[in-house]
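S.K.: entry.cif is reproduced below (mmCIF, C-alpha atoms).
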data_upload
loop_
_atom_site.label_atom_id
_atom_site.label_comp_id
_atom_site.auth_asym_id
_atom_site.auth_seq_id
_atom_site.Cartn_x
_atom_site.Cartn_y
_atom_site.Cartn_z
CA MET C 23 18.13 -10.84 28.16
CA HIS C 24 15.08 -8.57 28.47
CA ALA C 25 15.95 -4.87 28.91
CA LEU C 26 14.10 -4.80 32.24
CA ASP C 27 16.03 -7.84 33.47
CA LYS C 28 19.25 -6.05 32.54
CA TRP C 29 18.06 -2.97 34.43
CA ILE C 30 17.34 -5.14 37.50
CA LYS C 31 20.85 -6.60 37.31
CA ASP C 32 22.53 -3.23 36.73
CA ASN C 33 20.72 -1.72 39.72
CA SER C 34 21.42 -4.70 42.01
CA ILE C 35 17.81 -5.42 42.96
CA SER C 36 15.78 -8.60 42.73
CA ARG C 37 12.67 -9.45 40.73
CA LYS C 38 10.83 -9.87 44.02
CA ILE C 39 11.66 -6.31 45.14
CA LEU C 40 10.65 -4.89 41.76
CA ALA C 41 7.36 -6.86 41.74
CA THR C 42 6.57 -5.58 45.26
CA ASN C 43 7.23 -1.96 44.26
CA LEU C 44 5.04 -2.36 41.16
CA ASN C 45 2.34 -4.04 43.25
CA ILE C 46 2.23 -7.11 41.00
CA SER C 47 3.03 -10.79 41.52
CA ILE C 48 6.41 -12.30 40.64
CA ALA C 49 4.53 -14.59 38.22
CA SER C 50 3.11 -11.58 36.36
CA LEU C 51 6.54 -9.95 36.19
CA SER C 52 8.01 -13.19 34.81
CA ARG C 53 5.39 -13.28 32.05
CA TYR C 54 6.26 -9.69 31.10
CA LEU C 55 9.95 -10.55 30.97
CA SER C 56 9.41 -13.72 28.90
CA GLY C 57 7.35 -11.85 26.31
CA ASP C 58 4.18 -13.83 27.00
CA ARG C 59 2.33 -10.74 28.13
CA ILE C 60 2.61 -6.96 27.70
CA PRO C 61 1.94 -4.77 30.80
CA LYS C 62 -1.31 -2.81 30.84
CA GLN C 63 -1.05 0.96 30.74
CA GLU C 64 -1.26 1.38 34.53
CA ILE C 65 1.61 -1.08 35.14
CA MET C 66 3.58 0.33 32.20
CA GLU C 67 3.42 3.81 33.71
CA LYS C 68 4.73 2.45 37.04
CA ILE C 69 7.63 0.70 35.26
CA ILE C 70 8.55 3.86 33.35
CA SER C 71 8.43 5.92 36.55
CA TYR C 72 10.33 3.38 38.67
CA THR C 73 13.13 3.05 36.09
CA ASP C 74 13.29 6.81 35.38
CA GLY C 75 12.27 6.18 31.78
CA LYS C 76 15.09 3.72 31.10
CA ILE C 77 12.44 1.08 30.29
CA ASN C 78 9.58 1.98 27.94
CA PRO C 79 6.80 0.19 26.01
CA SER C 80 9.04 -0.60 23.03
CA ASN C 81 11.14 -2.92 25.21
CA PHE C 82 8.12 -5.14 25.80
CA TYR C 83 6.96 -5.10 22.18
CA ILE C 84 10.47 -6.13 21.12
CA ALA C 85 10.43 -9.08 23.53
CA LYS C 86 6.99 -10.23 22.40
CA ASN C 87 7.71 -9.90 18.70
CA ASN C 88 11.15 -11.49 18.93
CA LYS C 89 9.38 -14.45 20.48
CA ASN C 90 6.58 -14.59 17.91
CA ASN C 91 8.40 -13.46 14.76
CA ASN C 92 10.41 -16.22 13.15
CA PHE C 93 13.41 -14.28 11.89
CA SER C 94 14.94 -17.61 10.84
CA GLU C 95 12.59 -17.66 7.84
CA TYR C 96 14.83 -14.99 6.29
CA ARG C 97 18.43 -16.11 6.74
CA LYS C 98 20.23 -13.94 4.22
CA ASP C 99 22.86 -11.37 5.19
CA HIS C 100 21.66 -8.92 2.53
CA LEU C 101 18.58 -7.84 0.58
CA LEU C 102 19.84 -7.51 -2.98
CA GLY C 103 16.70 -8.41 -4.91
CA ILE C 104 13.42 -10.30 -4.92
CA GLU C 105 14.32 -12.91 -7.52
CA ASP C 106 15.91 -15.42 -5.12
CA LEU C 107 13.41 -15.00 -2.27
CA LYS C 108 10.99 -17.75 -1.26
CA GLU C 109 7.37 -17.11 -0.29
CA SER C 110 8.20 -17.79 3.38
CA GLU C 111 11.04 -15.23 3.34
CA ILE C 112 8.82 -12.55 1.82
CA SER C 113 6.07 -13.35 4.34
CA SER C 114 8.52 -13.01 7.24
CA LEU C 115 9.44 -9.48 6.12
CA LEU C 116 5.78 -8.52 5.60
CA ASN C 117 4.63 -10.00 8.91
CA ARG C 118 7.23 -8.13 10.94
CA ALA C 119 6.28 -4.88 9.15
CA ASP C 120 2.66 -5.49 10.15
CA ASP C 121 3.75 -5.88 13.78
CA ILE C 122 5.78 -2.66 13.59
CA ILE C 123 2.78 -0.72 12.25
CA ARG C 124 0.61 -2.07 15.07
CA GLU C 125 3.20 -1.15 17.72
CA ASN C 126 3.75 2.38 16.44
CA ARG C 127 0.05 3.12 16.25
CA ILE C 128 -0.41 1.99 19.86
CA GLU C 129 2.66 3.66 21.35
CA PRO C 130 5.06 5.42 18.96
CA THR C 131 8.50 5.11 20.53
CA VAL C 132 12.14 4.95 19.55
CA ASN C 133 13.46 1.42 19.90
CA GLN C 134 16.59 1.17 22.05
CA LYS C 135 17.52 -2.41 21.20
CA TYR C 136 19.77 -1.42 18.31
CA ARG C 137 21.50 1.52 19.97
CA GLY C 138 25.13 1.63 18.86
CA LYS C 139 24.39 0.18 15.42
CA THR C 140 25.15 2.25 12.33
CA LEU C 141 23.44 2.51 8.94
CA VAL C 142 25.09 4.25 5.99
CA ASN C 143 22.99 5.71 3.16
CA LEU C 144 25.02 5.73 -0.08
CA PHE C 145 22.85 7.16 -2.86
CA PHE C 146 24.49 7.77 -6.24
CA GLU C 147 21.12 8.78 -7.70
CA ASP C 148 18.79 11.48 -6.44
CA SER C 149 16.13 10.25 -4.05
CA THR C 150 13.88 11.95 -1.53
CA ARG C 151 11.30 9.34 -0.59
CA THR C 152 13.49 6.24 -0.39
CA LYS C 153 16.47 7.88 1.31
CA THR C 154 14.29 9.66 3.87
CA SER C 155 12.31 6.48 4.48
CA PHE C 156 15.46 4.48 5.25
CA GLU C 157 16.76 7.24 7.50
CA LEU C 158 13.49 7.43 9.44
CA ALA C 159 13.28 3.63 9.68
CA ALA C 160 16.79 3.41 11.12
CA LYS C 161 16.21 6.23 13.61
CA ARG C 162 12.99 4.62 14.86
CA LEU C 163 15.07 1.53 15.58
CA GLY C 164 17.57 3.61 17.54
CA ILE C 165 20.25 3.20 14.86
CA ASP C 166 22.76 5.95 14.04
CA VAL C 167 22.51 7.13 10.41
CA ILE C 168 25.30 8.47 8.19
CA ASN C 169 24.21 10.05 4.90
CA MET C 170 27.17 10.03 2.53
CA GLN C 171 27.24 13.24 0.50
CA ILE C 172 28.22 11.95 -2.93
CA GLU C 173 28.53 15.41 -4.48
CA THR C 174 31.29 16.35 -1.98
CA SER C 175 32.82 12.91 -1.43
CA SER C 176 36.06 11.37 -2.70
CA ILE C 177 33.99 9.59 -5.37
CA ARG C 178 33.61 12.93 -7.14
CA LYS C 179 37.42 13.29 -6.91
CA GLY C 180 37.97 10.06 -8.84
CA GLU C 181 37.87 7.40 -6.13
CA SER C 182 36.74 4.04 -7.52
CA LEU C 183 33.71 2.18 -6.17
CA LEU C 184 35.95 -0.58 -4.79
CA ASP C 185 38.11 1.98 -2.96
CA THR C 186 34.93 3.46 -1.52
CA ALA C 187 33.89 -0.04 -0.40
CA MET C 188 37.20 -0.52 1.40
CA THR C 189 36.82 2.86 3.09
CA LEU C 190 33.29 2.00 4.21
CA ASN C 191 34.45 -1.38 5.46
CA ALA C 192 37.03 0.32 7.68
CA MET C 193 34.20 2.35 9.25
CA GLN C 194 32.55 -0.94 10.31
CA PRO C 195 28.90 -0.03 9.62
CA ASP C 196 26.19 -2.60 10.35
CA ILE C 197 24.00 -1.82 7.34
CA LEU C 198 24.79 -0.19 3.99
CA VAL C 199 21.89 1.07 1.87
CA ILE C 200 22.94 1.75 -1.72
CA ARG C 201 21.28 3.18 -4.82
CA HIS C 202 23.28 3.25 -8.04
CA SER C 203 22.63 3.74 -11.75
CA LEU C 204 24.55 0.56 -12.66
CA SER C 205 22.79 -2.78 -12.26
CA GLY C 206 24.63 -5.19 -9.98
CA THR C 207 26.46 -2.58 -7.89
CA PRO C 208 24.88 -3.71 -4.57
CA HIS C 209 25.95 -7.30 -5.33
CA LEU C 210 29.52 -6.13 -5.92
CA LEU C 211 29.65 -4.28 -2.61
CA ALA C 212 28.04 -7.18 -0.74
CA ASN C 213 31.04 -9.30 -1.71
CA LYS C 214 33.53 -6.67 -0.52
CA ILE C 215 32.28 -5.35 2.82
CA ASN C 216 31.47 -6.98 6.14
CA CYS C 217 27.96 -5.70 6.78
CA GLY C 218 24.40 -6.14 5.58
CA VAL C 219 23.72 -4.54 2.19
CA ILE C 220 20.28 -3.33 1.11
CA ASN C 221 19.60 -2.59 -2.54
CA ALA C 222 17.67 0.70 -2.74
CA GLY C 223 17.57 0.49 -6.54
CA ASP C 224 20.25 -0.52 -9.06
CA GLY C 225 19.85 0.69 -12.61
CA GLN C 226 16.94 -1.02 -14.36
CA HIS C 227 17.47 -4.20 -12.35
CA GLU C 228 15.56 -4.22 -9.03
CA HIS C 229 14.11 -2.14 -6.19
CA PRO C 230 13.21 -4.82 -3.61
CA THR C 231 11.94 -2.65 -0.73
CA GLN C 232 9.50 -0.86 -3.06
CA ALA C 233 8.06 -4.22 -4.13
CA LEU C 234 7.81 -5.31 -0.49
CA LEU C 235 5.95 -2.17 0.57
CA ASP C 236 3.63 -2.50 -2.43
CA ALA C 237 2.87 -6.09 -1.43
CA LEU C 238 2.24 -5.00 2.15
CA ALA C 239 -0.18 -2.28 0.99
CA ILE C 240 -2.06 -4.79 -1.16
CA ARG C 241 -2.21 -7.41 1.59
CA ARG C 242 -3.43 -4.96 4.21
CA ARG C 243 -6.24 -3.63 2.00
CA LYS C 244 -7.23 -6.83 0.16
CA LYS C 245 -6.31 -9.22 3.04
CA ARG C 246 -4.38 -11.45 0.63
CA ILE C 247 -2.10 -11.51 -2.39
CA LYS C 248 -2.61 -15.07 -3.59
CA GLY C 249 -5.28 -15.31 -6.25
CA LEU C 250 -5.42 -11.58 -7.03
CA ASN C 251 -5.18 -10.23 -10.58
CA ILE C 252 -2.72 -7.34 -10.70
CA ALA C 253 -1.91 -5.11 -13.67
CA ILE C 254 1.37 -3.21 -13.95
CA CYS C 255 1.08 -0.40 -16.49
CA GLY C 256 3.40 2.10 -18.15
CA ASP C 257 7.16 2.32 -18.58
CA ILE C 258 8.00 -1.31 -17.87
CA ALA C 259 11.15 -1.31 -20.03
CA HIS C 260 13.04 1.09 -17.74
CA SER C 261 11.40 0.23 -14.42
CA ARG C 262 13.26 -1.64 -11.66
CA VAL C 263 10.07 -1.35 -9.60
CA ALA C 264 8.21 -3.39 -12.23
CA ARG C 265 10.83 -6.16 -12.25
CA SER C 266 10.83 -6.54 -8.48
CA ASN C 267 7.02 -6.45 -8.31
CA ILE C 268 6.57 -9.03 -11.06
CA LYS C 269 8.86 -11.47 -9.28
CA LEU C 270 7.35 -10.88 -5.84
CA LEU C 271 3.69 -10.96 -6.84
CA ILE C 272 4.02 -14.14 -8.89
CA THR C 273 5.99 -15.80 -6.08
CA MET C 274 3.15 -14.91 -3.68
CA GLY C 275 0.54 -16.46 -6.00
CA ALA C 276 -0.88 -13.46 -7.86
CA SER C 277 -1.55 -13.26 -11.59
CA VAL C 278 0.27 -10.35 -13.27
CA ASN C 279 -0.70 -8.48 -16.44
CA LEU C 280 1.76 -6.06 -18.04
CA ILE C 281 0.31 -3.19 -20.08
CA ALA C 282 2.53 -0.89 -22.13
CA PRO C 283 3.18 0.32 -25.67
CA SER C 284 5.67 -1.86 -27.54
CA THR C 285 8.40 0.81 -27.13
CA LEU C 286 8.11 0.59 -23.33
CA MET C 287 7.66 -3.18 -22.92
CA ALA C 288 10.75 -5.11 -21.82
CA GLU C 289 11.61 -8.45 -23.38
CA GLY C 290 11.59 -11.75 -21.53
CA LEU C 291 9.15 -10.84 -18.76
CA SER C 292 6.65 -13.44 -19.96
CA ASP C 293 9.27 -16.01 -18.90
CA TYR C 294 8.42 -15.13 -15.27
CA GLY C 295 4.76 -15.97 -15.94
CA ALA C 296 3.43 -12.45 -16.66
CA ASN C 297 0.78 -11.81 -19.31
CA ILE C 298 1.57 -9.16 -21.95
CA PHE C 299 -1.00 -6.60 -23.24
CA ASN C 300 -0.77 -3.39 -25.25
CA ASN C 301 -4.14 -1.90 -24.31
CA PHE C 302 -6.09 -1.22 -21.11
CA LYS C 303 -9.38 -2.76 -22.18
CA ASP C 304 -7.93 -6.26 -22.43
CA GLY C 305 -5.22 -5.86 -19.79
CA LEU C 306 -7.51 -4.58 -17.02
CA ASN C 307 -10.23 -7.18 -17.45
CA GLU C 308 -11.06 -8.68 -14.01
CA VAL C 309 -8.09 -6.88 -12.40
CA ASP C 310 -8.06 -6.21 -8.62
CA ILE C 311 -5.05 -3.86 -8.47
CA VAL C 312 -3.85 -1.35 -11.08
CA MET C 313 -0.21 -0.39 -10.54
CA ILE C 314 0.86 2.66 -12.56
CA LEU C 315 4.57 3.26 -13.22
CA ARG C 316 6.42 6.54 -13.60
CA LEU C 317 7.87 7.40 -17.00
CA GLN C 318 11.63 7.02 -16.44
CA LYS C 319 12.65 9.93 -18.65
CA GLU C 320 16.12 10.05 -17.12
CA ARG C 321 16.80 6.53 -18.45
CA MET C 322 15.42 7.12 -21.94
CA GLN C 323 17.85 7.72 -24.75
CA GLY C 324 15.82 8.63 -27.79
CA SER C 325 12.08 8.96 -28.39
CA TYR C 326 9.90 6.30 -26.76
CA ILE C 327 6.57 8.17 -26.83
CA PRO C 328 5.20 10.71 -29.38
CA SER C 329 4.27 13.23 -26.65
CA ALA C 330 3.03 13.38 -23.05
CA LYS C 331 -0.46 14.25 -24.31
CA GLU C 332 -0.52 11.29 -26.69
CA TYR C 333 0.79 8.96 -23.98
CA PHE C 334 -1.94 9.98 -21.53
CA LYS C 335 -4.61 9.45 -24.17
CA PHE C 336 -3.75 5.78 -24.57
CA TYR C 337 -1.78 4.77 -21.44
CA GLY C 338 -2.57 7.34 -18.74
CA LEU C 339 -5.05 6.03 -16.18
CA ASP C 340 -8.35 7.85 -15.80
CA ARG C 341 -11.85 6.88 -14.64
CA GLU C 342 -12.85 5.61 -18.05
CA LYS C 343 -9.91 3.22 -18.36
CA LEU C 344 -10.23 2.14 -14.71
CA SER C 345 -13.82 1.03 -15.47
CA PHE C 346 -12.36 -1.89 -17.44
CA ALA C 347 -11.12 -3.37 -14.13
CA LYS C 348 -13.23 -4.72 -11.28
CA SER C 349 -15.57 -2.21 -9.65
CA ASP C 350 -13.54 -2.31 -6.42
CA ALA C 351 -10.11 -2.23 -8.09
CA LEU C 352 -7.49 -0.13 -6.31
CA VAL C 353 -4.82 2.07 -7.87
CA MET C 354 -1.14 2.27 -6.89
CA HIS C 355 1.82 4.41 -7.95
CA PRO C 356 5.39 4.29 -6.54
CA GLY C 357 5.84 8.05 -6.92
CA PRO C 358 6.71 10.69 -7.75
CA ILE C 359 3.62 11.14 -9.92
CA ASN C 360 3.53 12.92 -13.28
CA ARG C 361 -0.07 14.13 -13.07
CA GLY C 362 -1.93 14.28 -16.36
CA VAL C 363 0.65 12.00 -17.96
CA GLU C 364 0.60 8.67 -16.09
CA ILE C 365 -2.59 9.21 -14.10
CA ASP C 366 -5.43 11.69 -13.99
CA SER C 367 -4.92 14.17 -11.13
CA GLU C 368 -8.45 13.81 -9.74
CA LEU C 369 -8.16 10.02 -9.64
CA ALA C 370 -4.75 10.18 -7.96
CA ASP C 371 -6.28 12.17 -5.10
CA ASP C 372 -9.21 9.77 -4.54
CA ILE C 373 -8.26 8.03 -1.28
CA ASN C 374 -11.12 5.57 -1.71
CA ARG C 375 -9.63 4.19 -4.93
CA THR C 376 -5.88 4.65 -4.46
CA LEU C 377 -3.23 3.28 -2.10
CA ILE C 378 -0.68 5.98 -2.91
CA LEU C 379 -0.54 7.58 0.55
CA GLU C 380 -0.52 4.17 2.23
CA GLN C 381 2.48 3.19 0.10
CA VAL C 382 4.42 6.15 1.52
CA GLU C 383 3.45 5.32 5.11
CA LEU C 384 4.23 1.61 4.81
CA GLY C 385 7.68 2.28 3.34
CA VAL C 386 9.11 3.07 6.78
CA ALA C 387 7.67 -0.06 8.38
CA ILE C 388 8.90 -2.44 5.67
CA ARG C 389 12.38 -0.93 5.79
CA MET C 390 12.43 -1.25 9.58
CA SER C 391 11.55 -4.91 9.11
CA VAL C 392 14.33 -5.48 6.57
CA ILE C 393 16.92 -3.77 8.78
CA GLU C 394 15.83 -5.80 11.81
CA HIS C 395 16.07 -9.07 9.90
CA LEU C 396 19.56 -8.33 8.57
CA ILE C 397 20.94 -7.20 11.94
CA ASN C 398 19.42 -10.23 13.64
CA ASN C 399 21.02 -12.56 11.06
CA LEU C 400 24.43 -10.89 11.32
CA GLU C 401 24.35 -11.04 15.13
CA HIS C 402 23.57 -14.75 15.08
CA LYS C 403 26.25 -15.32 12.46
CA ASN C 404 28.83 -13.77 14.77
CA ASP C 405 27.68 -15.67 17.88
#
Kindly return the structure encoded in the file as structure tokens.

M.R.:
Amino acid sequence: MHALDKWIKDNSISRKILATNLNISIASLSRYLSGDRIPKQEIMEKIISYTDGKINPSNFYIAKNNKNNNFSEYRKDHLLGIEDLKESEISSLLNRADDIIRENRIEPTVNQKYRGKTLVNLFFEDSTRTKTSFELAAKRLGIDVINMQIETSSIRKGESLLDTAMTLNAMQPDILVIRHSLSGTPHLLANKINCGVINAGDGQHEHPTQALLDALAIRRRKKRIKGLNIAICGDIAHSRVARSNIKLLITMGASVNLIAPSTLMAEGLSDYGANIFNNFKDGLNEVDIVMILRLQKERMQGSYIPSAKEYFKFYGLDREKLSFAKSDALVMHPGPINRGVEIDSELADDINRTLILEQVELGVAIRMSVIEHLINNLEHKND
């Protein structure tokens, strides 16, 4: 039921009376309620005034997008990784994120459809961007957010992960977002708790929402992913971002080159269809997108590079190395950036050649899309 229809019912008036007070036809009101049409600004202002703000523009965008967006393309209860996703499932998540961006740029509002839902952020590793992005995404959907403080929780007192899962299950959240240093932890929790689980990064395994937002940034700027040549450069051995991106980009029809010194190149990635290079001149030939990775120093045990200065000389991106790619090639970085090590500072700040700021902006939209898909699937599952 449309939110305005519910308001009509709750206030014991008819559609005819409402249409008369808004000075529109019943047919026009019916089209608004069915999602076929969105009220123009003048009518929208009358609706907001007449309902004392109980109905706002987001209610109509929800109705229209729920009609047009085929949530059934993504039928999973969780988002644990990219590896098992089909092209249609990835496209569904990207398409809804595009709609969300369009809506928020027209009329930024807090969605009320998901009021009463709860999302729990459970981050066992430090994170500013990802955690904040999930929190903002949930709040824009009208969802209550609980940020578990790991440093003061029972986990620090010796509680096991499974005991934590049972505790969380008793709280009956709708979505659990988890980041953990051990690969496979989100999969373990998904089998133990009765809510949607989103993997916000597990060890060196995957970081699916980062790959999705990267794909969205590429598609919005290049208008496609299929047929593009994309290079992923840097610390591939320790990067969960690289693994998720390789799987997603190849699934969507892109060609992927991996560029790294032998000490930072993971084994087996050529099995996914990626091309392996150890220098920029060969690896960036005819490349459309250059994706630079952060050196994961916190995951390195031992010496993987001689020095930061030596690393930048051969594997840090600057204008000279970028010239090996296409003249209109764009640069990406998941952040945070180690300037002068992974990428030249001046190049990182060039908004005409980089998508770095767009990646940050699009993170909220893609996470809103993921949350919406999972809640929609869980609601239908319980019908």

S.K.: Applied to this file, what does the PyMOL selection byres ((chain C and resi 293-300) around 6) return in terms of residues, put as a ChimeraX atom specification?

M.R.: /C:278-283,290-292,301,305

S.K.: As JSON, what would the box around range 257-270 of chain C look like: edges along x, y and z, 3 Å added on every side, centre and edge lengths in Å to one decimal?

M.R.:
{"center_x": 9.9, "center_y": -4.6, "center_z": -12.9, "size_x": 12.7, "size_y": 19.8, "size_z": 20.2}

S.K.: Return as CSV the residues of range 111-146 of chain C lying at most 7 Å from range 375-391 of chain C, together with the closest atom-to-atom pair for each and the distance in Å to one decimal, counting only C-alpha atoms, with rows in chain order and ascending residue number.

M.R.:
residue,atom,partner,partner_atom,distance
C:Leu115,CA,C:Ser391,CA,5.9
C:Leu116,CA,C:Ile388,CA,6.8
C:Arg118,CA,C:Ser391,CA,5.7
C:Ala119,CA,C:Ile388,CA,5.0
C:Ile122,CA,C:Ala387,CA,6.1
C:Ile123,CA,C:Ala387,CA,6.3

S.K.: Translate the PyMOL selection byres ((chain C and resi 160-170) around 10) into a concrete residue list for this structure, as JSON, numbers by chain.

M.R.: {"C": [80, 126, 130, 131, 132, 133, 134, 135, 136, 137, 138, 139, 140, 141, 142, 143, 144, 145, 146, 153, 154, 155, 156, 157, 158, 159, 171, 172, 173, 174, 175, 195, 196, 197, 198, 199, 386, 387, 389, 390, 391, 393, 394]}

S.K.: Check which residues satisfy the PyMOL selection byres ((chain C and resi 202) around 6) in the file shown, then give them as a PyMOL selection string.

M.R.: chain C and resi 146-147+201+203-204+224

S.K.: Considering all atoms listed in the file, can you say which of C:Leu396, C:Met313, C:Met287, C:Val263 comes closest to Arg97 in chain C?

M.R.: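 Closest to Arg97 in chain C of all the choices is C:Leu396.
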
S.K.: If you measure from CA of Met188 in chain C to CA of Ile215 in chain C, what distance in Å do you get, rounded to one decimal?

M.R.: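 Computing the Euclidean distance for CA of Met188 in chain C and CA of Ile215 in chain C yields 7.0 Å.
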
S.K.: Find the residue from C:Asp366, C:Glu228, C:Asp99, C:Asp236 that sits nearest to Asn216 in chain C; use only C-alpha atoms when measuring.

M.R.: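 Checking each candidate against Asn216 in chain C, we get C:Asp99 as the closest.
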
S.K.: CA of Ala330 in chain C and CA of Leu344 in chain C are how many Å apart?

M.R.: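 CA of Leu344 in chain C lies at a distance of 19.3 Å from CA of Ala330 in chain C.
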
S.K.: Output range 277-299 of chain C with N, CA and C atoms present, as a compact mmCIF listing (two decimals), keeping the file's coordinate frame.

M.R.:
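After the write, rebuild-v3.txt holds the following:
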# COMPACT_ATOMS: atom_id res chain seq x y z
N SER C 277 -1.67 -13.26 -10.13
CA SER C 277 -1.55 -13.26 -11.59
C SER C 277 -1.21 -11.83 -12.02
N VAL C 278 -0.22 -11.68 -12.91
CA VAL C 278 0.27 -10.35 -13.27
C VAL C 278 0.09 -10.09 -14.75
N ASN C 279 -0.58 -8.97 -15.07
CA ASN C 279 -0.70 -8.48 -16.44
C ASN C 279 0.21 -7.27 -16.62
N LEU C 280 0.92 -7.20 -17.72
CA LEU C 280 1.76 -6.06 -18.04
C LEU C 280 1.15 -5.31 -19.21
N ILE C 281 0.95 -4.00 -19.04
CA ILE C 281 0.31 -3.19 -20.08
C ILE C 281 1.23 -2.02 -20.44
N ALA C 282 1.64 -1.96 -21.69
CA ALA C 282 2.53 -0.89 -22.13
C ALA C 282 2.58 -0.85 -23.65
N PRO C 283 2.93 0.29 -24.22
CA PRO C 283 3.18 0.32 -25.67
C PRO C 283 4.42 -0.52 -25.97
N SER C 284 4.56 -0.96 -27.19
CA SER C 284 5.67 -1.86 -27.54
C SER C 284 7.03 -1.21 -27.26
N THR C 285 7.12 0.12 -27.37
CA THR C 285 8.40 0.81 -27.13
C THR C 285 8.80 0.81 -25.66
N LEU C 286 7.83 0.56 -24.77
CA LEU C 286 8.11 0.59 -23.33
C LEU C 286 7.90 -0.77 -22.66
N MET C 287 7.82 -1.83 -23.47
CA MET C 287 7.66 -3.18 -22.92
C MET C 287 9.00 -3.91 -23.00
N ALA C 288 9.48 -4.38 -21.87
CA ALA C 288 10.75 -5.11 -21.82
C ALA C 288 10.57 -6.52 -22.36
N GLU C 289 11.65 -7.08 -22.87
CA GLU C 289 11.61 -8.45 -23.38
C GLU C 289 11.84 -9.46 -22.25
N GLY C 290 11.30 -10.64 -22.44
CA GLY C 290 11.59 -11.75 -21.53
C GLY C 290 10.77 -11.82 -20.26
N LEU C 291 9.90 -10.84 -20.02
CA LEU C 291 9.15 -10.84 -18.76
C LEU C 291 8.06 -11.91 -18.74
N SER C 292 7.63 -12.35 -19.92
CA SER C 292 6.65 -13.44 -19.96
C SER C 292 7.26 -14.74 -19.44
N ASP C 293 8.60 -14.82 -19.42
CA ASP C 293 9.27 -16.01 -18.90
C ASP C 293 9.02 -16.18 -17.40
N TYR C 294 8.73 -15.07 -16.71
CA TYR C 294 8.42 -15.13 -15.27
C TYR C 294 6.98 -15.56 -15.02
N GLY C 295 6.16 -15.59 -16.09
CA GLY C 295 4.76 -15.97 -15.94
C GLY C 295 3.80 -14.80 -16.09
N ALA C 296 4.30 -13.62 -16.47
CA ALA C 296 3.43 -12.45 -16.66
C ALA C 296 2.74 -12.50 -18.01
N ASN C 297 1.56 -11.89 -18.07
CA ASN C 297 0.78 -11.81 -19.31
C ASN C 297 1.00 -10.44 -19.95
N ILE C 298 1.21 -10.39 -21.25
CA ILE C 298 1.57 -9.16 -21.95
C ILE C 298 0.37 -8.59 -22.72
N PHE C 299 0.09 -7.28 -22.52
CA PHE C 299 -1.00 -6.60 -23.24
C PHE C 299 -0.50 -5.24 -23.71
